[in-house]
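Input: a single structure, listed below in structure tokens.
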There are 2 protein chains.
Amino acid sequence: MQENPVVYLVGAGPGDPELLTIKALRILQNADVIVYDRLVSEEILDMVPPGTARIDVGKQPCSHPVPQGEINALLVRLAEDGKRRVVRLKGGDPFTFGRGGEEALVLARHGIDVEVIPGVTAASGCAAALGIPLTHRGLATGVRYVTGHCREDMDLNLDWNGLADPDTTLVVYMGKANIGRIVSEILACGIEPSTPVAAIVRGTTDRQRHLFSTLSHIAAAVRAAEFDGPVLFIIGSVVSLASAYQEEGEETDAAQALQQAGLA
Amino acid sequence: MQENPVVYLVGAGPGDPELLTIKALRILQNADVIVYDRLVSEEILDMVPPGTARIDVGKQPCSHPVPQGEINALLVRLAEDGKRRVVRLKGGDPFTFGRGGEEALVLARHGIDVEVIPGVTAASGCAAALGIPLTHRGLATGVRYVTGHCREDMDLNLDWNGLADPDTTLVVYMGKANIGRIVSEILACGIEPSTPVAAIVRGTTDRQRHLFSTLSHIAAAVRAAEFDGPVLFIIGSVVSLASAYQEEGEETDAAQALQQAGLA
């Protein structure tokens with residue numbers, strides 16, 4: 001009996017190879033071919049067995065990424081050509097800004113079995129690395145993930161009023177290019193200019209860089225830092241609880257307010 | 001030289017023991033004591049070495065959970081009493097509705113080292129298990145996590161208008177008791193009653209149960225299903241892409257609309 005091909009959409013987590021799940025590691029080690037892009041860290045690619053075929057869809061010779069439609073077609077072709085265990089390896093979680101849904105839909109239309117292996121999101125990884133709780137009693141009742149990236153032919157059109165909720169931590173993925181616009185829109189909706197912000201690149205890896213600022217100053221601070229790679233922003237009063245932040249000065253206002261309210 | 005004690009706030013992931021991270025497993029296997037609650041699945045507790053001390057803070061004899069203040073004090077006491085590797089094991093991710101921030105803050109105030117190991121969130125795990133992308137081009141530009149649970153002495157007071165954004169997938173943790181209230185509030189803010197909803201309990205484990213419904217019918221459907229355990233809800237048009245959902249009928253409207261728009 002011939003085994004049916006399966007395409008595994010695998011979340012590689014935020015960057016630290018130890019933040020792969022046990023399941024992701026098992027599937028990587030048994031793959032026939034691995035299709036990956038620039039959001040997967042080098043440390044994680046080092047965990048792929050040396051004999052396994054790899055296809056980099058992060059860069060073409062002209063240095064543009066491979067269009068999504070071509071990646072979808074490649075996954076279908078690999079499965080139909082008889083590769084039984086195709087792994088599509090993605091940074092973070094495949095169903096959170098990973099375009100895994102588009103790949104799953106195309107594969108399902110071709111009758112190809114798909115299995116999705118969730119991963120630790122970049123947001124969870126970076127929050128843990130900086131000591132920032134994404135939710136915290138008295139400071140943030142929830143968390144919201146948005147992307148600051150949009151198609152070149154489209155305007156970045158988010159529900160700005162909803163994003164400016166001071167009780168919700170806002171995480172912006174890939175926000176470097178548009179952070180100035182995002183800040184001015186949510187400031188116009190009434191969020192405090194002194195709201196603390198963390199910016200982080202390659203979080204959880206040895207090459208992590210990060211900085212802390214406020215909404216008023218974050219765009220300039222990130223420009224000055226010349227971060228190399230996709231930047232993740234965490235915006236909200238929880239940022240003031242960051243252990244790294246507290247090391248730089250005395251106890252923050254937010255931590256003091258929580259203590260006074262009997263919440264810490 | 002005596003090693004300083006460390007308290008590890010470890011995310012156990014959504015339930016499937018293979019969705020532990022490699023790092024979480026390593027730390028579990030080297031722990032002196034493990035403090036856990038009812039959100040950690042039995043399958044995961046089976047991975048703790050048999051000789052390791054365990055403390056269950058999920059239930060007291062009278063079947064109430066141990067208050068958070070007592071858990072905080074217990075962690076401090078274990079570290080100060082000379083346990084060098086204390087693991088606080090939490091379902092999902094410690095900094096997403098895990099109250100890990102409160103524990104980290106108290107430990108830091110006592111000068112105790114804390115390390116946070118992020119985990120796969122229940123939202124990512126359940127989304128993968130049901131084949132629901134949390135974000136999807138043309139359907140959801142972002143995702144928002146809220147909790148449907150609140151302190152007994154407080155009203156559930158969320159930014160309802162912001163929650164009713166049709167372009168954002170809404171994930172409600174622990175929403176069983178308040179789902180009727182949540183639905184009526186967001187319907188009043190103008191979200192479509194036909195918006196699809198998934199409800200899932202013990203997602204990613206062998207004992208997973210789930211159902212699909214719409215905003216109008218979800219409260220009654222969940223009551224009728226008599227789910228045993230914390231229920232996670234995923235609300236939004238992405239739910240119509242669920243592979244499990246599609247098996248029950250023909251291609252959904254949302255998938256057809258995406259195809260017509262050239263997005264799938």
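Ordered as shown in the structure tokens, chains take letters A, B, and onward, while each chain numbers its residues from 1 and ligands are numbered from 1 in the order shown.
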*Which residues come within 10 Å of A:Val40, counting only C-alpha atoms, excluding same-chain residues fewer than 5 positions away, as a PyMOL selection string?*
chain A and resi 11-17+45+58+89-92
File of the preceding selection, C-alpha atoms, as a tab-separated table (two decimals), in the first residue's frame:
```
chain	number	residue	atom	x	y	z
A	11	GLY	CA	5.73	26.43	12.93
A	12	ALA	CA	9.42	26.88	13.72
A	13	GLY	CA	8.75	29.21	16.65
A	14	PRO	CA	10.39	32.58	17.29
A	15	GLY	CA	14.03	31.75	16.54
A	16	ASP	CA	15.68	29.92	19.45
A	17	PRO	CA	15.98	26.32	18.16
A	45	LEU	CA	17.99	25.18	9.77
A	58	GLY	CA	12.95	33.46	0.82
A	89	LEU	CA	8.71	25.42	7.62
A	90	LYS	CA	7.61	28.87	8.77
A	91	GLY	CA	8.78	31.28	11.45
A	92	GLY	CA	6.48	31.47	14.49
```
Backbone-only DSSP, strand (DSSP E or B) members of stretch 38-214 of chain B, as an MDAnalysis selection string: chainID B and resid 53:56 85:90 92 113:117 136 140 142:147 168:173 196:201 209:214
Residues of chain B near chain A: apply a cut-off of 6 Å, count only C-alpha atoms, and supply the list as a PDB file with N, CA, C and O atoms, in the first residue's frame.
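Written output follows (out_14.pdb):
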```
ATOM      1  N   GLU B  18       3.342  16.416  22.656  1.00  0.00           N
ATOM      2  CA  GLU B  18       4.341  16.678  21.610  1.00  0.00           C
ATOM      3  C   GLU B  18       4.410  18.164  21.261  1.00  0.00           C
ATOM      4  O   GLU B  18       5.304  18.582  20.529  1.00  0.00           O
ATOM      5  N   LEU B  19       3.470  18.957  21.766  1.00  0.00           N
ATOM      6  CA  LEU B  19       3.527  20.403  21.511  1.00  0.00           C
ATOM      7  C   LEU B  19       4.240  21.154  22.634  1.00  0.00           C
ATOM      8  O   LEU B  19       4.253  22.383  22.667  1.00  0.00           O
ATOM      9  N   LEU B  20       4.845  20.426  23.559  1.00  0.00           N
ATOM     10  CA  LEU B  20       5.828  21.051  24.452  1.00  0.00           C
ATOM     11  C   LEU B  20       7.016  21.477  23.602  1.00  0.00           C
ATOM     12  O   LEU B  20       7.346  20.817  22.613  1.00  0.00           O
ATOM     13  N   THR B  21       7.707  22.532  24.009  1.00  0.00           N
ATOM     14  CA  THR B  21       8.946  22.870  23.314  1.00  0.00           C
ATOM     15  C   THR B  21      10.075  21.984  23.851  1.00  0.00           C
ATOM     16  O   THR B  21       9.977  21.414  24.950  1.00  0.00           O
ATOM     17  N   ILE B  22      11.133  21.914  23.064  1.00  0.00           N
ATOM     18  CA  ILE B  22      12.309  21.144  23.484  1.00  0.00           C
ATOM     19  C   ILE B  22      12.855  21.708  24.799  1.00  0.00           C
ATOM     20  O   ILE B  22      13.256  20.978  25.703  1.00  0.00           O
ATOM     21  N   LYS B  23      12.824  23.038  24.915  1.00  0.00           N
ATOM     22  CA  LYS B  23      13.333  23.695  26.118  1.00  0.00           C
ATOM     23  C   LYS B  23      12.472  23.367  27.341  1.00  0.00           C
ATOM     24  O   LYS B  23      13.000  23.079  28.422  1.00  0.00           O
ATOM     25  N   PHE B  95       2.634  33.986  29.504  1.00  0.00           N
ATOM     26  CA  PHE B  95       2.364  35.427  29.473  1.00  0.00           C
ATOM     27  C   PHE B  95       1.106  35.766  28.681  1.00  0.00           C
ATOM     28  O   PHE B  95       0.883  36.918  28.312  1.00  0.00           O
ATOM     29  N   THR B  96       0.283  34.747  28.362  1.00  0.00           N
ATOM     30  CA  THR B  96      -1.002  34.995  27.695  1.00  0.00           C
ATOM     31  C   THR B  96      -2.093  34.376  28.577  1.00  0.00           C
ATOM     32  O   THR B  96      -2.306  33.174  28.556  1.00  0.00           O
ATOM     33  N   PHE B  97      -2.742  35.215  29.385  1.00  0.00           N
ATOM     34  CA  PHE B  97      -3.777  34.768  30.327  1.00  0.00           C
ATOM     35  C   PHE B  97      -3.278  33.734  31.342  1.00  0.00           C
ATOM     36  O   PHE B  97      -4.064  32.988  31.892  1.00  0.00           O
ATOM     37  N   GLY B 101       2.747  37.050  34.639  1.00  0.00           N
ATOM     38  CA  GLY B 101       3.275  38.371  34.942  1.00  0.00           C
ATOM     39  C   GLY B 101       3.221  38.670  36.425  1.00  0.00           C
ATOM     40  O   GLY B 101       4.152  39.239  37.005  1.00  0.00           O
ATOM     41  N   VAL B 116      11.353  32.832  31.799  1.00  0.00           N
ATOM     42  CA  VAL B 116      10.046  32.534  31.195  1.00  0.00           C
ATOM     43  C   VAL B 116      10.263  31.733  29.914  1.00  0.00           C
ATOM     44  O   VAL B 116      11.004  32.161  29.030  1.00  0.00           O
ATOM     45  N   PRO B 118       8.373  30.472  26.770  1.00  0.00           N
ATOM     46  CA  PRO B 118       7.087  30.643  26.102  1.00  0.00           C
ATOM     47  C   PRO B 118       6.541  29.305  25.607  1.00  0.00           C
ATOM     48  O   PRO B 118       7.296  28.355  25.402  1.00  0.00           O
ATOM     49  N   GLY B 119       5.232  29.258  25.416  1.00  0.00           N
ATOM     50  CA  GLY B 119       4.605  28.033  24.932  1.00  0.00           C
ATOM     51  C   GLY B 119       3.668  28.323  23.777  1.00  0.00           C
ATOM     52  O   GLY B 119       3.320  29.478  23.511  1.00  0.00           O
ATOM     53  N   VAL B 120       3.256  27.266  23.085  1.00  0.00           N
ATOM     54  CA  VAL B 120       2.239  27.396  22.037  1.00  0.00           C
ATOM     55  C   VAL B 120       0.919  27.743  22.737  1.00  0.00           C
ATOM     56  O   VAL B 120       0.502  27.061  23.668  1.00  0.00           O
ATOM     57  N   SER B 124      -3.406  29.035  19.155  1.00  0.00           N
ATOM     58  CA  SER B 124      -2.670  28.476  18.012  1.00  0.00           C
ATOM     59  C   SER B 124      -2.896  26.972  17.910  1.00  0.00           C
ATOM     60  O   SER B 124      -3.068  26.433  16.813  1.00  0.00           O
ATOM     61  N   GLY B 125      -2.885  26.285  19.045  1.00  0.00           N
ATOM     62  CA  GLY B 125      -3.068  24.833  19.040  1.00  0.00           C
ATOM     63  C   GLY B 125      -4.441  24.441  18.515  1.00  0.00           C
ATOM     64  O   GLY B 125      -4.564  23.565  17.655  1.00  0.00           O
ATOM     65  N   ALA B 128      -4.862  25.181  14.760  1.00  0.00           N
ATOM     66  CA  ALA B 128      -4.204  24.164  13.930  1.00  0.00           C
ATOM     67  C   ALA B 128      -5.022  22.875  13.927  1.00  0.00           C
ATOM     68  O   ALA B 128      -5.194  22.235  12.887  1.00  0.00           O
ATOM     69  N   PRO B 133      -7.133  29.120   9.962  1.00  0.00           N
ATOM     70  CA  PRO B 133      -6.088  30.140  10.040  1.00  0.00           C
ATOM     71  C   PRO B 133      -6.589  31.336  10.852  1.00  0.00           C
ATOM     72  O   PRO B 133      -7.698  31.819  10.625  1.00  0.00           O
ATOM     73  N   LEU B 134      -5.795  31.796  11.817  1.00  0.00           N
ATOM     74  CA  LEU B 134      -6.247  32.924  12.649  1.00  0.00           C
ATOM     75  C   LEU B 134      -6.189  34.231  11.871  1.00  0.00           C
ATOM     76  O   LEU B 134      -6.951  35.160  12.140  1.00  0.00           O
ATOM     77  N   THR B 135      -5.255  34.326  10.927  1.00  0.00           N
ATOM     78  CA  THR B 135      -5.235  35.455   9.997  1.00  0.00           C
ATOM     79  C   THR B 135      -5.287  34.872   8.596  1.00  0.00           C
ATOM     80  O   THR B 135      -4.820  33.753   8.368  1.00  0.00           O
ATOM     81  N   GLY B 142      -5.852  40.483  11.338  1.00  0.00           N
ATOM     82  CA  GLY B 142      -5.217  40.320  12.641  1.00  0.00           C
ATOM     83  C   GLY B 142      -6.057  39.416  13.514  1.00  0.00           C
ATOM     84  O   GLY B 142      -7.094  38.890  13.083  1.00  0.00           O
ATOM     85  N   VAL B 143      -5.577  39.217  14.740  1.00  0.00           N
ATOM     86  CA  VAL B 143      -6.284  38.349  15.679  1.00  0.00           C
ATOM     87  C   VAL B 143      -6.224  38.977  17.062  1.00  0.00           C
ATOM     88  O   VAL B 143      -5.256  39.663  17.401  1.00  0.00           O
ATOM     89  N   ARG B 144      -7.271  38.770  17.814  1.00  0.00           N
ATOM     90  CA  ARG B 144      -7.373  39.373  19.141  1.00  0.00           C
ATOM     91  C   ARG B 144      -7.755  38.302  20.143  1.00  0.00           C
ATOM     92  O   ARG B 144      -8.682  37.529  19.897  1.00  0.00           O
ATOM     93  N   TYR B 145      -7.028  38.255  21.243  1.00  0.00           N
ATOM     94  CA  TYR B 145      -7.314  37.282  22.310  1.00  0.00           C
ATOM     95  C   TYR B 145      -7.924  38.026  23.483  1.00  0.00           C
ATOM     96  O   TYR B 145      -7.316  38.968  23.995  1.00  0.00           O
ATOM     97  N   VAL B 146      -9.091  37.586  23.953  1.00  0.00           N
ATOM     98  CA  VAL B 146      -9.659  38.139  25.186  1.00  0.00           C
ATOM     99  C   VAL B 146     -10.054  36.985  26.095  1.00  0.00           C
ATOM    100  O   VAL B 146     -10.158  35.835  25.653  1.00  0.00           O
ATOM    101  N   GLY B 162     -14.705  47.655  19.812  1.00  0.00           N
ATOM    102  CA  GLY B 162     -13.461  47.200  19.195  1.00  0.00           C
ATOM    103  C   GLY B 162     -13.484  45.714  18.885  1.00  0.00           C
ATOM    104  O   GLY B 162     -12.911  45.266  17.891  1.00  0.00           O
TER     105      GLY B 162
END
```
Got a sec to align chain A on chain B by every in-order Cα pair and hand back the fitted coordinates as a short mmCIF file (atom, residue, chain, number, x, y, z; two decimals) with C-alpha atoms, in the first residue's frame?
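Written output follows (superposed.cif):
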```cif
data_model
loop_
_atom_site.label_atom_id
_atom_site.label_comp_id
_atom_site.auth_asym_id
_atom_site.auth_seq_id
_atom_site.Cartn_x
_atom_site.Cartn_y
_atom_site.Cartn_z
CA MET A 1 29.88 28.21 44.75
CA GLN A 2 26.18 27.77 45.48
CA GLU A 3 23.94 27.99 42.44
CA ASN A 4 21.18 30.63 42.74
CA PRO A 5 17.63 29.30 42.71
CA VAL A 6 15.64 29.97 39.54
CA VAL A 7 11.90 29.82 39.11
CA TYR A 8 11.01 28.81 35.56
CA LEU A 9 7.58 29.91 34.34
CA VAL A 10 7.07 27.25 31.70
CA GLY A 11 4.38 27.15 29.02
CA ALA A 12 3.12 23.59 28.57
CA GLY A 13 1.35 24.39 25.29
CA PRO A 14 -2.24 23.52 24.38
CA GLY A 15 -2.42 19.92 25.60
CA ASP A 16 -0.76 17.50 23.17
CA PRO A 17 2.49 16.55 24.95
CA GLU A 18 4.36 16.68 21.62
CA LEU A 19 3.53 20.40 21.52
CA LEU A 20 5.83 21.04 24.47
CA THR A 21 8.95 22.88 23.33
CA ILE A 22 12.30 21.15 23.50
CA LYS A 23 13.33 23.71 26.13
CA ALA A 24 10.26 23.08 28.29
CA LEU A 25 10.94 19.34 28.21
CA ARG A 26 14.58 19.83 29.19
CA ILE A 27 13.62 22.04 32.13
CA LEU A 28 10.87 19.64 33.27
CA GLN A 29 13.34 16.79 33.26
CA ASN A 30 15.79 18.69 35.47
CA ALA A 31 13.32 20.24 37.92
CA ASP A 32 13.48 19.87 41.69
CA VAL A 33 9.78 20.57 42.06
CA ILE A 34 6.88 21.23 39.69
CA VAL A 35 3.90 23.42 40.57
CA TYR A 36 1.01 22.90 38.16
CA ASP A 37 -2.72 23.54 37.82
CA ARG A 38 -5.77 22.12 36.07
CA LEU A 39 -4.90 23.69 32.70
CA VAL A 40 -1.96 21.30 32.28
CA SER A 41 -3.08 18.06 30.59
CA GLU A 42 -2.57 14.65 32.20
CA GLU A 43 -0.58 13.59 29.14
CA ILE A 44 1.95 16.33 29.88
CA LEU A 45 2.20 15.48 33.58
CA ASP A 46 3.08 11.95 32.46
CA MET A 47 6.29 13.41 30.98
CA VAL A 48 7.55 14.62 34.38
CA PRO A 49 10.13 12.16 35.75
CA PRO A 50 8.49 9.92 38.40
CA GLY A 51 10.90 11.01 41.16
CA THR A 52 10.19 14.76 40.81
CA ALA A 53 8.16 16.47 43.55
CA ARG A 54 4.81 17.81 42.30
CA ILE A 55 2.44 20.32 43.82
CA ASP A 56 -1.09 20.61 42.43
CA VAL A 57 -2.42 24.14 42.92
CA GLY A 58 -5.47 23.48 40.75
CA LYS A 59 -7.61 22.03 43.51
CA GLN A 60 -7.81 22.32 47.26
CA PRO A 61 -9.62 19.66 49.31
CA CYS A 62 -12.84 21.74 49.16
CA SER A 63 -12.37 21.78 45.35
CA HIS A 64 -11.68 25.52 45.07
CA PRO A 65 -8.50 26.49 43.24
CA VAL A 66 -5.63 27.84 45.35
CA PRO A 67 -5.81 31.68 45.35
CA GLN A 68 -3.16 33.40 43.19
CA GLY A 69 -1.61 35.11 46.21
CA GLU A 70 -0.94 31.73 47.83
CA ILE A 71 0.63 30.40 44.63
CA ASN A 72 2.91 33.45 44.49
CA ALA A 73 3.93 32.91 48.13
CA LEU A 74 4.50 29.19 47.52
CA LEU A 75 6.88 29.89 44.61
CA VAL A 76 8.86 32.37 46.75
CA ARG A 77 9.02 29.89 49.65
CA LEU A 78 10.18 26.99 47.45
CA ALA A 79 12.99 29.10 45.99
CA GLU A 80 14.01 30.53 49.38
CA ASP A 81 13.88 27.09 51.01
CA GLY A 82 16.65 25.92 48.74
CA LYS A 83 14.89 24.29 45.79
CA ARG A 84 17.22 25.38 43.05
CA ARG A 85 15.07 24.63 40.02
CA VAL A 86 11.41 25.40 40.66
CA VAL A 87 9.11 24.92 37.67
CA ARG A 88 5.76 26.68 37.52
CA LEU A 89 4.05 24.76 34.70
CA LYS A 90 1.13 26.48 32.98
CA GLY A 91 -1.20 25.55 30.14
CA GLY A 92 -0.48 27.40 26.87
CA ASP A 93 1.87 30.38 27.13
CA PRO A 94 2.72 31.79 30.60
CA PHE A 95 2.35 35.41 29.48
CA THR A 96 -1.01 34.98 27.68
CA PHE A 97 -3.79 34.76 30.31
CA GLY A 98 -1.49 32.65 32.48
CA ARG A 99 -1.04 35.22 35.28
CA GLY A 100 2.66 34.60 34.76
CA GLY A 101 3.25 38.35 34.93
CA GLU A 102 1.95 38.48 38.50
CA GLU A 103 4.18 35.60 39.57
CA ALA A 104 7.23 37.09 37.82
CA LEU A 105 6.66 40.44 39.52
CA VAL A 106 6.41 38.94 43.01
CA LEU A 107 9.48 36.75 42.47
CA ALA A 108 11.50 39.71 41.12
CA ARG A 109 10.53 41.75 44.21
CA HIS A 110 12.01 38.98 46.35
CA GLY A 111 15.24 39.04 44.34
CA ILE A 112 14.58 35.58 42.90
CA ASP A 113 15.71 34.87 39.33
CA VAL A 114 12.88 34.13 36.92
CA GLU A 115 13.09 32.63 33.47
CA VAL A 116 10.04 32.53 31.21
CA ILE A 117 9.74 29.72 28.65
CA PRO A 118 7.09 30.64 26.10
CA GLY A 119 4.61 28.03 24.92
CA VAL A 120 2.24 27.40 22.04
CA THR A 121 -0.98 29.21 22.95
CA ALA A 122 -4.27 27.35 23.24
CA ALA A 123 -5.45 29.58 20.39
CA SER A 124 -2.67 28.47 18.00
CA GLY A 125 -3.06 24.83 19.03
CA CYS A 126 -6.84 24.76 18.61
CA ALA A 127 -6.68 26.69 15.33
CA ALA A 128 -4.20 24.16 13.92
CA ALA A 129 -6.28 21.23 15.18
CA LEU A 130 -9.41 22.54 13.45
CA GLY A 131 -7.69 23.87 10.31
CA ILE A 132 -8.65 27.50 11.03
CA PRO A 133 -6.08 30.14 10.05
CA LEU A 134 -6.24 32.92 12.64
CA THR A 135 -5.24 35.46 9.99
CA HIS A 136 -5.97 35.12 6.28
CA ARG A 137 -5.54 37.55 3.43
CA GLY A 138 -8.93 38.95 2.47
CA LEU A 139 -10.66 37.64 5.62
CA ALA A 140 -8.72 38.66 8.74
CA THR A 141 -5.87 41.14 8.98
CA GLY A 142 -5.22 40.32 12.62
CA VAL A 143 -6.28 38.34 15.67
CA ARG A 144 -7.37 39.36 19.13
CA TYR A 145 -7.31 37.28 22.29
CA VAL A 146 -9.65 38.14 25.17
CA THR A 147 -10.77 36.28 28.24
CA GLY A 148 -14.44 35.66 28.91
CA HIS A 149 -13.70 35.03 32.55
CA CYS A 150 -13.69 37.78 35.15
CA ARG A 151 -13.37 38.15 38.89
CA GLU A 152 -16.58 37.26 40.66
CA ASP A 153 -16.90 40.74 42.10
CA MET A 154 -16.51 42.47 38.73
CA ASP A 155 -18.59 42.96 35.61
CA LEU A 156 -17.15 41.67 32.34
CA ASN A 157 -16.18 45.01 30.87
CA LEU A 158 -14.57 44.77 27.46
CA ASP A 159 -14.20 47.22 24.59
CA TRP A 160 -17.20 45.68 22.78
CA ASN A 161 -17.09 48.07 19.85
CA GLY A 162 -13.45 47.23 19.17
CA LEU A 163 -14.19 43.50 19.50
CA ALA A 164 -16.83 43.71 16.79
CA ASP A 165 -14.29 44.43 14.02
CA PRO A 166 -15.21 42.00 11.20
CA ASP A 167 -11.61 42.05 9.87
CA THR A 168 -10.16 40.65 13.10
CA THR A 169 -10.47 37.07 14.31
CA LEU A 170 -11.64 37.04 17.92
CA VAL A 171 -10.46 34.29 20.26
CA VAL A 172 -12.26 34.05 23.60
CA TYR A 173 -10.52 32.06 26.33
CA MET A 174 -12.60 30.54 29.13
CA GLY A 175 -15.76 31.97 27.66
CA LYS A 176 -18.30 29.25 28.55
CA ALA A 177 -20.00 31.07 31.42
CA ASN A 178 -20.24 34.41 29.63
CA ILE A 179 -20.62 33.51 25.94
CA GLY A 180 -24.26 34.62 25.86
CA ARG A 181 -23.33 38.05 27.18
CA ILE A 182 -20.33 38.38 24.83
CA VAL A 183 -22.43 37.46 21.79
CA SER A 184 -25.23 39.88 22.59
CA GLU A 185 -22.76 42.73 23.17
CA ILE A 186 -20.90 42.27 19.87
CA LEU A 187 -24.15 41.69 17.93
CA ALA A 188 -25.34 45.03 19.33
CA CYS A 189 -22.16 46.60 17.88
CA GLY A 190 -23.17 45.47 14.39
CA ILE A 191 -21.31 42.23 13.75
CA GLU A 192 -23.22 39.79 11.49
CA PRO A 193 -25.31 37.13 13.35
CA SER A 194 -24.24 34.59 10.70
CA THR A 195 -20.54 35.01 11.60
CA PRO A 196 -19.18 31.49 12.06
CA VAL A 197 -17.88 30.34 15.46
CA ALA A 198 -15.91 27.30 16.58
CA ALA A 199 -15.97 26.09 20.19
CA ILE A 200 -13.39 23.62 21.43
CA VAL A 201 -12.49 21.94 24.69
CA ARG A 202 -9.25 20.04 25.45
CA GLY A 203 -8.03 20.96 21.94
CA THR A 204 -5.08 18.97 20.50
CA THR A 205 -5.52 16.12 23.04
CA ASP A 206 -7.12 12.72 22.45
CA ARG A 207 -10.15 13.94 24.34
CA GLN A 208 -10.74 17.02 22.14
CA ARG A 209 -14.36 17.95 21.52
CA HIS A 210 -15.50 20.76 19.26
CA LEU A 211 -18.46 22.13 17.37
CA PHE A 212 -19.14 24.73 14.70
CA SER A 213 -22.02 27.20 14.81
CA THR A 214 -22.80 30.87 14.20
CA LEU A 215 -22.94 33.82 16.56
CA SER A 216 -26.75 33.55 16.76
CA HIS A 217 -26.69 29.91 17.82
CA ILE A 218 -23.39 29.35 19.58
CA ALA A 219 -24.58 29.91 23.16
CA ALA A 220 -27.37 27.33 22.81
CA ALA A 221 -25.11 24.91 20.93
CA VAL A 222 -22.47 24.97 23.66
CA ARG A 223 -25.07 24.57 26.41
CA ALA A 224 -26.50 21.55 24.57
CA ALA A 225 -23.06 20.01 24.07
CA GLU A 226 -22.37 20.06 27.84
CA PHE A 227 -18.64 20.57 27.30
CA ASP A 228 -16.65 19.57 30.33
CA GLY A 229 -13.68 21.94 30.87
CA PRO A 230 -12.61 25.41 29.75
CA VAL A 231 -14.00 26.25 26.31
CA LEU A 232 -12.10 28.29 23.72
CA PHE A 233 -14.11 30.13 21.07
CA ILE A 234 -12.82 31.26 17.68
CA ILE A 235 -15.11 33.85 16.09
CA GLY A 236 -14.79 35.23 12.56
CA SER A 237 -15.08 34.51 8.88
CA VAL A 238 -11.84 32.45 8.93
CA VAL A 239 -13.78 29.74 10.78
CA SER A 240 -15.52 28.94 7.50
CA LEU A 241 -12.14 27.79 6.13
CA ALA A 242 -11.85 25.05 8.76
CA SER A 243 -11.08 21.77 7.11
CA ALA A 244 -13.34 20.02 9.61
CA TYR A 245 -16.16 22.45 8.77
CA GLN A 246 -15.81 21.95 5.04
CA GLU A 247 -16.11 18.20 5.40
CA GLU A 248 -19.65 18.71 6.63
CA GLY A 249 -20.87 20.37 3.45
CA GLU A 250 -20.02 22.07 0.22
CA GLU A 251 -17.45 24.80 -0.17
CA THR A 252 -18.25 27.71 2.11
CA ASP A 253 -19.26 31.20 1.04
CA ALA A 254 -16.03 32.70 2.38
CA ALA A 255 -13.85 30.28 0.41
CA GLN A 256 -15.87 31.00 -2.74
CA ALA A 257 -15.61 34.74 -2.21
CA LEU A 258 -11.84 34.48 -1.80
CA GLN A 259 -11.57 32.50 -5.00
CA GLN A 260 -13.66 35.05 -6.91
CA ALA A 261 -11.42 37.83 -5.58
CA GLY A 262 -8.37 35.97 -6.84
CA LEU A 263 -7.09 35.50 -3.29
CA ALA A 264 -7.25 31.71 -3.19
#
```
List every residue of stretch 45-159 of chain B that DSSP, applied to the backbone of this structure, places in alpha helix (DSSP H), and write the result as a ChimeraX atom specification.
/B:45,68-80,100-109,122-130
